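What follows is one structure encoded as structure tokens, with my remarks underneath.
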Amino acid sequence: MSVPDNQICWTYGIQLSEVEAKEQQFRNSEWSPEQNEVMLQQVRNLSCPWGGRMADIVDATPKHLISKVFLEEKVFMTWYHGRTVLIGDACHKVLPTTGLGAANAFQDAVVLANCISNMKDWTQKSITGSFKEYYKQRFRRVNEQFEGSHMMARTMIGQSWSERMVRYAVLHCMPKCMQERNVDRRMEYRPQIAWLPLVEKRGAGHVQPQEGKRRVIG
Ligand SMILES: Cc1cc2nc3c(=O)[nH]c(=O)nc-3n(C[C@H](O)[C@H](O)[C@H](O)COP(=O)(O)OP(=O)(O)OC[C@H]3O[C@@H](n4cnc5c(N)ncnc54)[C@H](O)[C@@H]3O)c2cc1C
């Protein structure tokens with residue numbers, strides 16, 4: 001990824017087996033600058049896609065900007081209980097390959113705010129009703145994106161023979177218009193705050209109608 005002033009951002013991903021993942025998760029709390037050092041020693045001798053070794057990139061990067069992140073994916077079935085409700089990564093984690101995690105967290109926040117604002121009163125029945133409506137609007141969409149993100153991750157970073165073949169086909173043979181159509185379809189869903197005027201549609205792409213009750217103030 002390019003950034004200003006002749007700098008680069010870089011990331012190095014390692015796929016873990018299920019057994020390794022369990023072990024690493026157990027050690028999650030032990031992550032520290034020393035653990036970073038262990039990780040960096042493991043990648044130093046690997047070849048770098050821009051030429052040379054990963055050590056060249058590592059040595060040129062300020063140490064305090066390097067961190068180790070454990071990526072996992074999961075959509076939980078339960079998002080609310082009583083007066084507690086979850087949004088964002090707390091209820092659905094997707095791999096960063098498709099760049100959707102933060103967008104989904106924002107969309108959750110908008111839809112939940114709309115559902116809460118439509119409550120008739122503050123009884124537990126109304127609260128549960130608003131959480132149910134939020135879950136109904138969001139779960140299916142998040143789950144679809146989870147499946148898409150999972151497939152994309154396998155395609156872009158999978159290391160098996162078949163995954164490499166699929167990656168080659170997608171990157172070299174898939175027409176650009178097909179790739180663009182996929183992105184356009186993802187952008188069609190744009191939930192907006194129910195009590196504010198709708199944002200003017202300026203692009204050419206299709207926008208899905210807003211879900212739920214709208215009651216614009218003023
Ligand atoms: C390497 C990487 C790249 C990514 N790239 C993209 C991208 O390009 N586009 C995109 O849309 N998404 C991307 N994501 C995903 C995105 O960062 C997350 O989906 C998003 O930050 C989720 O927001 P959140 O508010 O749900 O959770 P978080 O951002 O994790 O916020 C939770 C907050 O709660 C705090 N917290 C935790 N426990 C407690 C506690 N007990 N008490 C008080 N506070 C607590 C945490 O410190 C944290 O600040 C990426 C993620 C990673 C790891």
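Quick note on naming: the chains in the structure tokens go A, B, ... in the order shown, residues restart at 1 in each chain, and ligands are numbered from 1 in order of appearance.
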
**Prompt:** What do you get as number ranges by chain if you pick all residues at most 12 Å from ligand 1, counting only C-alpha atoms and all ligand atoms?
**Reply:** A: 1, 9-13, 66-74, 86-109, 142, 145-146, 149

**Prompt:** Which of segment 3-141 of chain A counts as strand (DSSP E) under DSSP, as a ChimeraX atom specification please?
**Reply:** /A:3,7-8,74-75,80-81,84-85,92-93

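With only C-alpha atoms as the atoms that count, the residue of A:Val166, A:Leu171, A:Val207, A:Ile57 with the shortest distance to Tyr189 of chain A is A:Val207.
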
**Message:** Given only C-alpha atoms as the basis, pick out the residue of A:Gln192, A:Thr123, A:Gln179, A:Gln15 nearest to Arg154 of chain A.
**Reply:** A:Gln15

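The closest residue to Arg138 of chain A, picked from A:Val58, A:Ile217, A:Glu200, A:Leu112 and counting only C-alpha atoms, is A:Leu112.
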
**Prompt:** Out of segment 5-116 of chain A, which residues get helix (DSSP H, G or I) from DSSP, as a PyMOL selection string?
**Reply:** chain A and resi 18-26+28-30+33-43+54-59+63-65+88-90+96-98+101-116
